[in-house]
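Structure file data01.txt (compact mmCIF, C-alpha atoms) is printed below.
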# COMPACT_ATOMS: atom_id res chain seq x y z
CA MET A 1 -1.20 60.03 149.80
CA ALA A 2 -2.45 63.12 148.06
CA SER A 3 -2.42 66.30 150.06
CA LEU A 4 -5.64 67.97 151.13
CA LYS A 5 -5.16 70.76 148.67
CA ALA A 6 -4.53 68.37 145.79
CA LEU A 7 -7.70 66.47 146.64
CA LYS A 8 -9.73 69.65 146.74
CA ILE A 9 -8.48 70.67 143.30
CA ARG A 10 -9.27 67.22 141.96
CA ILE A 11 -12.82 67.36 143.29
CA GLY A 12 -13.25 70.75 141.69
CA SER A 13 -12.09 69.53 138.32
CA VAL A 14 -14.31 66.45 138.36
CA LYS A 15 -17.22 68.69 139.27
CA SER A 16 -16.68 70.92 136.30
CA THR A 17 -16.34 67.90 134.03
CA GLN A 18 -19.64 66.67 135.37
CA LYS A 19 -21.24 70.00 134.56
CA ILE A 20 -20.08 69.70 130.97
CA THR A 21 -21.25 66.12 130.52
CA LYS A 22 -24.58 66.97 132.08
CA ALA A 23 -25.06 69.87 129.70
CA MET A 24 -24.05 67.72 126.73
CA LYS A 25 -26.51 65.08 127.80
CA MET A 26 -29.32 67.58 127.90
CA VAL A 27 -28.41 69.06 124.54
CA ALA A 28 -28.23 65.57 123.03
CA ALA A 29 -31.62 64.69 124.51
CA ALA A 30 -33.21 67.77 122.99
CA LYS A 31 -31.63 67.13 119.61
CA LEU A 32 -32.45 63.46 119.79
CA ARG A 33 -36.14 64.20 119.93
CA ARG A 34 -36.03 66.12 116.70
CA ALA A 35 -33.71 63.67 114.97
CA GLN A 36 -35.85 60.76 116.05
CA GLN A 37 -38.96 62.37 114.65
CA GLY A 38 -37.11 62.97 111.41
CA ALA A 39 -35.92 59.39 111.20
CA GLU A 40 -39.33 57.96 111.97
CA ALA A 41 -41.07 60.26 109.51
CA GLY A 42 -38.64 59.23 106.79
CA ARG A 43 -39.18 55.51 107.26
CA PRO A 44 -42.46 55.08 105.34
CA TYR A 45 -40.99 56.68 102.23
CA SER A 46 -37.84 54.62 102.16
CA SER A 47 -39.56 51.35 102.98
CA ARG A 48 -42.16 51.92 100.26
CA MET A 49 -39.46 52.94 97.84
CA THR A 50 -37.58 49.74 98.61
CA GLY A 51 -40.82 47.81 98.13
CA VAL A 52 -41.49 49.36 94.74
CA VAL A 53 -37.93 48.94 93.54
CA THR A 54 -37.62 45.33 94.66
CA SER A 55 -40.93 44.42 93.09
CA LEU A 56 -39.81 46.11 89.89
CA ALA A 57 -36.45 44.39 90.07
CA SER A 58 -38.08 41.00 90.47
CA ARG A 59 -40.17 41.57 87.35
CA VAL A 60 -37.45 42.83 85.07
CA VAL A 61 -35.62 40.15 83.17
CA PRO A 62 -31.91 41.00 83.23
CA GLY A 63 -30.63 41.65 79.76
CA PRO A 64 -27.82 43.58 78.13
CA GLN A 65 -29.98 46.70 77.93
CA SER A 66 -31.28 46.63 81.47
CA PRO A 67 -29.91 49.43 83.61
CA LYS A 68 -26.65 48.70 85.39
CA LEU A 69 -27.90 50.21 88.62
CA LEU A 70 -30.58 47.54 88.73
CA THR A 71 -28.85 44.41 87.57
CA GLY A 72 -25.20 45.20 88.22
CA THR A 73 -22.26 44.94 85.87
CA GLY A 74 -22.31 41.19 85.83
CA LYS A 75 -19.15 40.99 87.91
CA ASP A 76 -18.47 41.44 91.58
CA ASP A 77 -14.76 42.22 91.70
CA THR A 78 -14.76 45.75 93.00
CA HIS A 79 -16.85 46.70 95.98
CA LEU A 80 -17.48 50.18 97.30
CA ILE A 81 -18.50 50.53 100.91
CA ILE A 82 -20.13 53.78 101.95
CA VAL A 83 -19.38 54.29 105.62
CA ALA A 84 -21.70 56.78 107.26
CA THR A 85 -20.48 58.03 110.62
CA SER A 86 -20.94 61.19 112.62
CA ASP A 87 -18.74 64.27 112.69
CA ARG A 88 -18.44 64.45 116.43
CA GLY A 89 -17.22 62.05 119.01
CA LEU A 90 -18.18 61.62 122.67
CA ALA A 91 -20.95 59.27 121.75
CA GLY A 92 -19.79 56.01 123.24
CA ALA A 93 -19.14 53.21 120.81
CA PHE A 94 -21.42 54.63 118.11
CA ASN A 95 -18.85 55.31 115.41
CA THR A 96 -16.66 52.40 116.45
CA ASN A 97 -19.54 50.00 115.92
CA VAL A 98 -20.33 51.24 112.44
CA VAL A 99 -16.69 51.21 111.41
CA ARG A 100 -16.14 47.77 112.92
CA LEU A 101 -19.01 46.31 110.95
CA ALA A 102 -17.78 47.96 107.75
CA ARG A 103 -14.32 46.53 108.41
CA LYS A 104 -15.74 43.08 108.97
CA ALA A 105 -17.58 43.25 105.67
CA ALA A 106 -14.48 44.59 103.95
CA ASP A 107 -12.21 41.92 105.38
CA GLU A 108 -14.56 39.18 104.25
CA LEU A 109 -14.58 40.60 100.74
CA ILE A 110 -10.81 41.02 100.69
CA ALA A 111 -10.41 37.43 101.85
CA GLN A 112 -12.41 36.43 98.78
CA GLY A 113 -9.95 38.29 96.63
CA LYS A 114 -12.14 41.31 95.87
CA THR A 115 -11.03 44.89 95.72
CA VAL A 116 -12.67 47.06 98.36
CA LEU A 117 -12.99 50.82 98.19
CA PHE A 118 -14.47 53.20 100.73
CA TYR A 119 -16.60 56.29 100.49
CA ILE A 120 -16.71 58.12 103.79
CA ILE A 121 -19.58 60.26 105.03
CA GLY A 122 -18.78 62.10 108.24
CA ARG A 123 -15.47 62.86 109.87
CA LYS A 124 -15.13 60.12 112.46
CA GLY A 125 -14.84 57.12 110.21
CA ARG A 126 -11.86 58.34 108.28
CA PRO A 127 -8.82 57.82 110.58
CA VAL A 128 -9.44 54.13 111.24
CA ILE A 129 -10.24 53.25 107.64
CA GLN A 130 -7.27 55.26 106.42
CA ARG A 131 -4.92 53.42 108.77
CA LEU A 132 -6.20 49.96 107.88
CA TYR A 133 -6.82 50.38 104.18
CA PRO A 134 -4.44 53.17 103.13
CA LYS A 135 -5.41 53.11 99.45
CA GLY A 136 -9.04 52.29 99.96
CA ILE A 137 -10.65 55.70 100.41
CA VAL A 138 -11.91 57.11 97.13
CA ALA A 139 -13.71 60.13 98.52
CA GLN A 140 -15.24 61.74 101.51
CA TYR A 141 -18.40 63.76 101.81
CA ASP A 142 -18.01 66.57 104.28
CA THR A 143 -21.03 66.86 106.52
CA SER A 144 -19.48 69.09 109.17
CA ALA A 145 -21.22 72.21 107.90
CA MET A 146 -24.71 70.84 108.00
CA LYS A 147 -26.89 70.71 111.05
CA ALA A 148 -29.35 68.06 109.98
CA PRO A 149 -29.11 65.90 106.88
CA THR A 150 -31.28 67.12 104.04
CA TYR A 151 -32.58 65.31 101.03
CA ALA A 152 -30.48 67.61 98.85
CA ASP A 153 -27.32 66.34 100.56
CA ALA A 154 -28.40 62.77 99.98
CA GLN A 155 -29.04 63.55 96.33
CA ARG A 156 -25.56 65.01 95.94
CA ILE A 157 -23.98 61.98 97.54
CA ALA A 158 -26.08 59.66 95.39
CA GLN A 159 -25.09 61.52 92.23
CA ASP A 160 -21.44 61.28 93.21
CA ILE A 161 -21.77 57.55 93.86
CA ILE A 162 -23.54 56.96 90.57
CA ASP A 163 -20.86 58.90 88.69
CA ARG A 164 -18.17 56.83 90.35
CA TYR A 165 -20.10 53.68 89.68
CA THR A 166 -20.03 54.35 85.98
CA THR A 167 -16.49 55.74 85.70
CA ASP A 168 -14.50 53.84 88.33
CA SER A 169 -15.73 50.40 87.31
CA ILE A 170 -17.26 49.58 90.65
CA ASP A 171 -19.43 46.48 90.64
CA VAL A 172 -21.20 46.45 93.97
CA VAL A 173 -22.02 49.24 96.41
CA HIS A 174 -22.75 48.67 100.09
CA LEU A 175 -23.95 51.16 102.64
CA ALA A 176 -22.88 50.92 106.30
CA TYR A 177 -24.74 52.93 108.90
CA ALA A 178 -26.36 52.59 112.30
CA ASN A 179 -30.04 51.80 112.40
CA PHE A 180 -31.81 53.65 115.18
CA ARG A 181 -33.76 51.19 117.30
CA SER A 182 -34.03 53.13 120.53
CA THR A 183 -32.01 55.53 122.60
CA LEU A 184 -30.03 52.61 123.98
CA VAL A 185 -29.82 50.43 120.91
CA GLN A 186 -28.32 51.46 117.59
CA GLU A 187 -27.85 48.60 115.27
CA PRO A 188 -24.95 48.83 112.83
CA THR A 189 -26.12 47.66 109.43
CA VAL A 190 -24.53 46.96 106.07
CA GLU A 191 -26.88 46.97 103.10
CA GLN A 192 -26.25 46.40 99.46
CA ILE A 193 -27.71 49.23 97.42
CA ILE A 194 -26.26 48.66 93.94
CA PRO A 195 -27.25 46.45 92.24
CA VAL A 196 -30.69 46.22 93.78
CA PRO A 197 -30.74 43.08 95.92
CA ARG A 198 -33.13 40.53 94.46
CA GLY A 199 -35.14 38.10 96.44
CA THR A 200 -33.15 38.64 99.60
CA GLN A 201 -35.50 41.26 100.94
CA GLN A 202 -39.02 39.96 101.29
CA ASP A 203 -41.16 42.50 99.58
CA GLU A 204 -43.72 43.79 102.00
CA ARG A 205 -46.28 44.01 99.26
CA GLY A 206 -46.07 40.29 98.78
CA ALA A 207 -44.95 40.67 95.18
CA ALA A 208 -42.43 37.89 95.80
CA SER A 209 -45.25 35.44 96.25
CA GLY A 210 -47.35 34.34 93.33
CA PRO A 211 -46.72 35.06 89.68
CA PRO A 212 -45.73 38.65 88.93
CA ALA A 213 -48.73 40.59 87.75
CA ALA A 214 -48.52 42.36 84.43
CA VAL A 215 -47.90 46.00 85.19
CA GLU A 216 -48.76 48.79 82.88
CA TYR A 217 -45.99 51.36 82.70
CA GLU A 218 -46.35 54.93 81.66
CA PRO A 219 -44.04 56.06 80.08
CA ASP A 220 -42.28 52.78 79.38
CA GLU A 221 -40.36 50.63 81.80
CA GLU A 222 -36.89 51.89 80.91
CA ASP A 223 -37.82 55.52 81.42
CA ILE A 224 -39.37 54.77 84.77
CA LEU A 225 -36.36 52.78 85.89
CA ALA A 226 -33.96 55.45 84.70
CA ASP A 227 -35.84 57.93 86.85
CA LEU A 228 -36.47 55.65 89.76
CA LEU A 229 -33.11 53.99 90.36
CA PRO A 230 -31.01 57.10 91.06
CA ARG A 231 -33.83 58.37 93.23
CA ASN A 232 -33.89 55.11 95.14
CA ILE A 233 -30.20 55.45 95.93
CA ALA A 234 -30.67 58.99 97.16
CA VAL A 235 -33.55 57.84 99.32
CA GLN A 236 -31.55 54.98 100.82
CA ILE A 237 -28.70 57.34 101.63
CA TYR A 238 -31.07 59.91 103.08
CA HIS A 239 -32.62 57.21 105.21
CA ALA A 240 -29.16 56.14 106.43
CA LEU A 241 -28.23 59.72 107.25
CA LEU A 242 -31.39 60.27 109.25
CA GLU A 243 -31.04 57.02 111.15
CA ASN A 244 -27.42 57.84 111.82
CA GLN A 245 -28.27 61.26 113.12
CA ALA A 246 -30.88 59.92 115.52
CA GLY A 247 -28.60 57.08 116.55
CA PHE A 248 -25.75 59.45 117.19
CA TYR A 249 -27.74 61.64 119.56
CA GLY A 250 -29.18 58.60 121.29
CA SER A 251 -25.75 57.17 121.75
CA GLN A 252 -24.33 60.48 122.87
CA MET A 253 -27.09 60.94 125.39
CA THR A 254 -26.46 57.50 126.87
CA ALA A 255 -22.72 58.04 126.93
CA MET A 256 -23.03 61.43 128.61
CA ASP A 257 -25.52 60.05 131.11
CA ASN A 258 -23.00 57.39 132.07
CA ALA A 259 -20.23 59.95 132.26
CA THR A 260 -22.31 62.18 134.52
CA ARG A 261 -23.05 59.26 136.81
CA ASN A 262 -19.42 58.19 136.90
CA ALA A 263 -18.36 61.71 137.73
CA GLY A 264 -20.89 61.72 140.58
CA ASP A 265 -19.45 58.47 141.96
CA MET A 266 -15.96 59.86 141.70
CA ILE A 267 -16.91 63.05 143.52
CA ASN A 268 -18.44 60.99 146.34
CA ARG A 269 -15.36 58.84 146.67
CA LEU A 270 -13.01 61.81 146.62
CA SER A 271 -15.12 63.73 149.14
CA ILE A 272 -15.01 60.82 151.57
CA GLN A 273 -11.27 60.60 151.17
CA TYR A 274 -10.96 64.35 151.61
CA ASN A 275 -13.04 64.35 154.81
CA ARG A 276 -11.16 61.40 156.29
CA GLN A 277 -7.87 63.12 155.70
CA ARG A 278 -9.13 66.35 157.17
CA GLN A 279 -10.30 64.57 160.31
CA ALA A 280 -7.04 62.66 160.57
CA ALA A 281 -5.16 65.96 160.43
CA ILE A 282 -7.40 67.49 163.15
CA THR A 283 -6.98 64.41 165.37
CA THR A 284 -3.21 64.54 164.99
CA GLU A 285 -3.19 68.21 165.89
CA LEU A 286 -5.37 67.61 168.96
CA VAL A 287 -3.17 64.77 170.14
CA GLU A 288 -0.14 67.02 169.78
CA ILE A 289 -1.75 69.86 171.76
CA ILE A 290 -3.00 67.58 174.54
CA SER A 291 0.28 65.74 174.94
CA GLY A 292 2.08 69.09 174.88
CA ALA A 293 -0.19 70.38 177.65
CA GLU A 294 0.34 67.25 179.72
CA ALA A 295 4.10 67.57 179.48
CA LEU A 296 4.06 70.94 181.20
CA MET B 297 -67.60 48.98 96.04
CA ALA B 298 -64.55 48.78 98.22
CA ASP B 299 -62.56 51.92 98.71
CA LEU B 300 -59.13 52.54 97.32
CA HIS B 301 -56.31 52.54 99.80
CA PHE B 302 -54.28 55.64 99.08
CA GLU B 303 -50.94 56.68 100.51
CA LEU B 304 -49.00 59.83 99.80
CA VAL B 305 -45.45 59.88 101.12
CA THR B 306 -42.56 62.30 100.86
CA PRO B 307 -39.01 61.77 102.16
CA ASP B 308 -39.91 63.84 105.21
CA ARG B 309 -43.20 62.33 106.24
CA LEU B 310 -46.24 60.25 105.49
CA VAL B 311 -48.62 62.92 104.24
CA MET B 312 -51.74 60.84 103.93
CA SER B 313 -52.83 57.26 104.39
CA ASP B 314 -56.51 56.73 103.93
CA ASP B 315 -59.24 54.81 102.14
CA VAL B 316 -60.80 56.99 99.47
CA TYR B 317 -63.11 56.72 96.47
CA MET B 318 -60.89 57.98 93.69
CA VAL B 319 -57.58 59.74 93.21
CA VAL B 320 -56.49 61.64 90.12
CA VAL B 321 -52.71 61.71 89.71
CA PRO B 322 -50.79 63.99 87.33
CA GLY B 323 -48.82 61.45 85.30
CA THR B 324 -46.12 62.57 82.88
CA GLU B 325 -48.30 61.42 80.01
CA GLY B 326 -51.56 62.79 81.29
CA GLU B 327 -53.78 62.66 84.33
CA SER B 328 -55.24 59.38 85.36
CA GLY B 329 -58.03 58.68 87.77
CA ILE B 330 -57.42 55.64 89.95
CA MET B 331 -60.22 53.77 91.67
CA ALA B 332 -60.30 50.58 93.67
CA GLY B 333 -59.49 47.45 91.72
CA HIS B 334 -57.27 49.22 89.24
CA ALA B 335 -54.84 46.98 87.39
CA PRO B 336 -51.16 47.17 88.42
CA TYR B 337 -49.89 50.41 87.02
CA MET B 338 -46.92 52.63 87.37
CA THR B 339 -46.23 56.13 86.18
CA THR B 340 -43.82 58.94 86.83
CA LEU B 341 -45.36 62.22 87.90
CA ARG B 342 -44.97 65.72 86.63
CA ASN B 343 -45.31 68.64 89.01
CA GLY B 344 -48.98 69.14 89.55
CA GLU B 345 -51.92 68.43 91.78
CA VAL B 346 -53.16 65.18 93.17
CA ALA B 347 -56.93 65.33 93.57
CA ILE B 348 -58.47 63.11 96.18
CA TYR B 349 -62.18 62.30 96.04
CA ARG B 350 -63.19 60.86 99.38
CA THR B 351 -66.62 59.82 98.20
CA GLN B 352 -68.35 59.73 94.87
CA GLY B 353 -69.21 63.21 93.71
CA ALA B 354 -67.50 64.90 96.64
CA GLN B 355 -65.40 68.01 96.26
CA PRO B 356 -61.80 66.88 95.70
CA GLU B 357 -59.01 67.67 98.12
CA ARG B 358 -56.05 68.98 96.20
CA ILE B 359 -52.43 68.48 97.16
CA SER B 360 -49.69 69.82 94.94
CA VAL B 361 -46.74 67.51 94.49
CA THR B 362 -43.40 67.86 92.79
CA GLY B 363 -41.60 64.98 91.15
CA GLY B 364 -41.93 61.34 92.02
CA PHE B 365 -44.09 58.52 90.83
CA ALA B 366 -47.27 56.63 91.52
CA GLU B 367 -47.67 52.92 91.83
CA VAL B 368 -50.81 50.83 91.88
CA GLY B 369 -50.42 47.39 93.36
CA GLU B 370 -52.58 44.84 95.16
CA ARG B 371 -52.56 47.04 98.23
CA GLY B 372 -53.77 50.18 96.54
CA LEU B 373 -52.22 53.36 95.28
CA THR B 374 -48.94 54.73 96.57
CA VAL B 375 -47.73 58.14 95.50
CA LEU B 376 -44.06 58.78 96.27
CA ALA B 377 -43.39 62.49 95.77
CA GLU B 378 -40.31 64.59 96.40
CA SER B 379 -42.46 67.13 98.17
CA ALA B 380 -46.13 67.76 98.82
CA GLU B 381 -48.13 70.77 99.94
CA ALA B 382 -51.79 71.03 100.64
Using structure tokens, write down the structure from this file.
Amino acid sequence: MASLKALKIRIGSVKSTQKITKAMKMVAAAKLRRAQQGAEAGRPYSSRMTGVVTSLASRVVPGPQSPKLLTGTGKDDTHLIIVATSDRGLAGAFNTNVVRLARKAADELIAQGKTVLFYIIGRKGRPVIQRLYPKGIVAQYDTSAMKAPTYADAQRIAQDIIDRYTTDSIDVVHLAYANFRSTLVQEPTVEQIIPVPRGTQQDERGAASGPPAAVEYEPDEEDILADLLPRNIAVQIYHALLENQAGFYGSQMTAMDNATRNAGDMINRLSIQYNRQRQAAITTELVEIISGAEAL
Amino acid sequence: MADLHFELVTPDRLVMSDDVYMVVVPGTEGESGIMAGHAPYMTTLRNGEVAIYRTQGAQPERISVTGGFAEVGERGLTVLAESAEA
């Protein structure tokens, strides 16, 4: 049985923990609003970009001259998985979920005899991946200095990926991140970004249905593709970063809300225990005094 | 004549989504005016101004854009720009 003093100290410490989690919850809620707006505002661009690129991809006949970013290298031996996580923890299972999905994808590929490499964005994904696939990590993009993801960051990451794609003989690139559905639901997702998936994504413009219309290109098709494809990758990464950011704050808010509630429950339980013990002590003392008085 | 569905999007937001009469986009190889029923067309953009004519003969609204491209499909004209300022 803990002493009265020990209980009191315990209650005090749980209370201060609760204060911290409550503050973190409120900070996360405030940041969530902004991040959510950012993520939602970025959606039209990336979905239209995907639409344009897929409709282009479905029209282009793969040939030896067609850009590698569009049609791939013709092999699928080496896969690069970009794992986008957050820099901070205390957000429930947010990072765990993303990493778990990336691992699942990686294990499936490894089981098929492919080589899998990782490109890490954010601090939290690294330890697990490093432990499980010690030689897998090719690079890490440090996001700890930035407050909110910017398009410039995404462009830098995209450029890095494209450089590696051409020099490190990578055949397929996947992107793992958490899609922000709501404050409570973040959906871990793995998407293939290089080569551009064909036919798998139903083009929202309906270009997949009916014969492809003849499109007039200005300047010519190759120039447009050469401009468009790197940009598409940057946009997809930017989209992932924004969704991740919103998802992280949503997840953190939920986690901190739970923690605050748990701390409240714990304080209640400890207070009851504390009061019972205090009363027990008083009763014992009274009994001692009364029986002492009677003995006289 | 039906209006042209026009959308202008940047990575940060959907700047405009509206039905208009004509839009002039600054293509890399020259400006082109797009009206409803235009054939499928795609061009990269140079930095310049997109002029939006809401009705025939109206004063154009001008939005300066940097980088990006324009696409005309069955659903109308979509301009994807890196940034846009009115």
| message | Using only C-alpha atoms for the distances, tell me which of A:Ala154, A:Val196, A:Val52, A:Ile137 is nearest to chain B. | response | A:Val52
| task | Please return, as an MDAnalysis selection string, all residues of chain A lying within 9 Å of chain B when only C-alpha atoms are considered. | result | chainID A and resid 38:46 48:49 52 151 205:207 213:221 223:224 227:228 231 235 238:239
| message | Set the distance at 7 Å and use all atoms listed in the file: which residues neighbour Ile330 in chain B once local chain neighbours fewer than 3 positions away are removed? I'd like the list as a list in words. | response | Met318, Val319, Val320 and His334 of chain B
Got a sec to check which residues sit within 10 Å of (-25.2, 51.2, 129.2), counting all atoms listed in the file, and write them as a short mmCIF file (atom, residue, chain, number, x, y, z; two decimals) with C-alpha atoms, in the frame of the given file?
data_model
loop_
_atom_site.label_atom_id
_atom_site.label_comp_id
_atom_site.auth_asym_id
_atom_site.auth_seq_id
_atom_site.Cartn_x
_atom_site.Cartn_y
_atom_site.Cartn_z
CA GLY A 92 -19.79 56.01 123.24
CA LEU A 184 -30.03 52.61 123.98
CA VAL A 185 -29.82 50.43 120.91
CA SER A 251 -25.75 57.17 121.75
CA THR A 254 -26.46 57.50 126.87
CA ALA A 255 -22.72 58.04 126.93
CA ASP A 257 -25.52 60.05 131.11
CA ASN A 258 -23.00 57.39 132.07
#
Quick one: everything within 6 Å of Glu345 in chain B, counting all atoms listed in the file, minus sequence neighbours fewer than 3 positions away in the same chain. Send it as a compact mmCIF listing (two decimals) with C-alpha atoms, in the frame of the given file.
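Contents of out-v1.txt, as written:
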# COMPACT_ATOMS: atom_id res chain seq x y z
CA ILE B 359 -52.43 68.48 97.16
CA SER B 360 -49.69 69.82 94.94
CA VAL B 361 -46.74 67.51 94.49
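The space separating CA of Asp168 in chain A from CA of Ser58 in chain A comes to 26.9 Å.
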| task | Mind giving me the straight-line distance from CA of Arg350 in chain B to CA of Asp315 in chain B in Å, one decimal? | result | 7.7 Å
| Near-range 4-10 of chain A list (7 Å; all atoms listed in the file; drop same-chain fewer than 3 positions) as a ChimeraX atom specification | /A:13-14,274
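From CA of Gly89 in chain A back to CA of Gln18 in chain A, the distance works out to 17.2 Å.
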Using the file's own x, y and z axes, so that the box edges lie along x, y and z, what centre and edge lengths in Å (one decimal) does a box around every listed atom of range 188-193 of chain A get when 6 Å is added on each side? Give it as AutoDock Vina command-line options.
--center_x -26.1 --center_y 47.8 --center_z 105.1 --size_x 15.2 --size_y 14.8 --size_z 27.4
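Counting all atoms listed in the file and comparing B:Ala382, B:Thr351, B:Thr362, B:Leu300, the residue that lies closest to Ser313 in chain B is B:Leu300.
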| field | Of the listed residues A:Gly12, A:Gly125, A:Gly250, A:Pro134, that which approaches Leu32 in chain A most closely, counting only C-alpha atoms | value | A:Gly250
| task | Would you be able to write out as a VMD selection string which residues have an atom within 12 Å of (-22.1, 52.1, 118.4) in the file's coordinates, counting only C-alpha atoms? | result | chain A and resid 85 to 86 89 to 101 177 to 181 183 to 189 244 247 to 252 254 to 255
Now that the selection is made, can you save its residues with C-alpha atoms as a CSV table (one decimal), keeping the file's coordinate frame?
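Saved the output as selection-v8.csv:
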chain,number,residue,atom,x,y,z
A,85,THR,CA,-20.5,58.0,110.6
A,86,SER,CA,-20.9,61.2,112.6
A,89,GLY,CA,-17.2,62.0,119.0
A,90,LEU,CA,-18.2,61.6,122.7
A,91,ALA,CA,-21.0,59.3,121.8
A,92,GLY,CA,-19.8,56.0,123.2
A,93,ALA,CA,-19.1,53.2,120.8
A,94,PHE,CA,-21.4,54.6,118.1
A,95,ASN,CA,-18.8,55.3,115.4
A,96,THR,CA,-16.7,52.4,116.4
A,97,ASN,CA,-19.5,50.0,115.9
A,98,VAL,CA,-20.3,51.2,112.4
A,99,VAL,CA,-16.7,51.2,111.4
A,100,ARG,CA,-16.1,47.8,112.9
A,101,LEU,CA,-19.0,46.3,111.0
A,177,TYR,CA,-24.7,52.9,108.9
A,178,ALA,CA,-26.4,52.6,112.3
A,179,ASN,CA,-30.0,51.8,112.4
A,180,PHE,CA,-31.8,53.6,115.2
A,181,ARG,CA,-33.8,51.2,117.3
A,183,THR,CA,-32.0,55.5,122.6
A,184,LEU,CA,-30.0,52.6,124.0
A,185,VAL,CA,-29.8,50.4,120.9
A,186,GLN,CA,-28.3,51.5,117.6
A,187,GLU,CA,-27.8,48.6,115.3
A,188,PRO,CA,-25.0,48.8,112.8
A,189,THR,CA,-26.1,47.7,109.4
A,244,ASN,CA,-27.4,57.8,111.8
A,247,GLY,CA,-28.6,57.1,116.6
A,248,PHE,CA,-25.8,59.4,117.2
A,249,TYR,CA,-27.7,61.6,119.6
A,250,GLY,CA,-29.2,58.6,121.3
A,251,SER,CA,-25.8,57.2,121.8
A,252,GLN,CA,-24.3,60.5,122.9
A,254,THR,CA,-26.5,57.5,126.9
A,255,ALA,CA,-22.7,58.0,126.9
| Polymer residues at most 10 Å from Arg278 in chain A, only C-alpha atoms, same-chain spacing of 5 or more positions, as a PyMOL selection string | chain A and resi 3-4+272-273+283-284
Expected file for range 351-362 of chain B keeping N, CA, C and O atoms, as a compact mmCIF listing (two decimals), in the first residue's frame:
# COMPACT_ATOMS: atom_id res chain seq x y z
N THR B 351 -17.57 37.52 -70.97
CA THR B 351 -18.55 37.52 -72.05
C THR B 351 -17.90 38.14 -73.27
O THR B 351 -16.83 38.73 -73.17
N GLN B 352 -18.58 37.98 -74.39
CA GLN B 352 -18.01 38.50 -75.62
C GLN B 352 -17.87 40.02 -75.53
O GLN B 352 -18.80 40.72 -75.15
N GLY B 353 -16.68 40.49 -75.84
CA GLY B 353 -16.45 41.93 -75.85
C GLY B 353 -16.23 42.56 -74.49
O GLY B 353 -16.04 43.76 -74.39
N ALA B 354 -16.27 41.75 -73.44
CA ALA B 354 -16.08 42.30 -72.09
C ALA B 354 -14.61 42.62 -71.85
O ALA B 354 -13.73 42.14 -72.56
N GLN B 355 -14.39 43.48 -70.86
CA GLN B 355 -13.01 43.76 -70.48
C GLN B 355 -12.41 42.50 -69.86
O GLN B 355 -13.04 41.87 -69.01
N PRO B 356 -11.21 42.11 -70.27
CA PRO B 356 -10.64 40.87 -69.73
C PRO B 356 -10.14 41.05 -68.29
O PRO B 356 -9.69 42.11 -67.91
N GLU B 357 -10.28 39.97 -67.53
CA GLU B 357 -9.62 39.91 -66.22
C GLU B 357 -8.24 39.35 -66.48
O GLU B 357 -8.08 38.38 -67.22
N ARG B 358 -7.24 39.95 -65.85
CA ARG B 358 -5.88 39.45 -66.11
C ARG B 358 -5.28 38.86 -64.84
O ARG B 358 -5.34 39.45 -63.78
N ILE B 359 -4.72 37.68 -64.99
CA ILE B 359 -4.05 37.02 -63.87
C ILE B 359 -2.66 36.63 -64.34
O ILE B 359 -2.53 35.96 -65.38
N SER B 360 -1.63 37.11 -63.64
CA SER B 360 -0.29 36.72 -64.10
C SER B 360 0.08 35.37 -63.51
O SER B 360 -0.15 35.09 -62.33
N VAL B 361 0.64 34.53 -64.35
CA VAL B 361 1.02 33.19 -63.93
C VAL B 361 2.49 32.98 -64.23
O VAL B 361 3.06 33.60 -65.13
N THR B 362 3.11 32.11 -63.46
CA THR B 362 4.49 31.72 -63.77
C THR B 362 4.53 30.21 -63.95
O THR B 362 3.98 29.47 -63.13
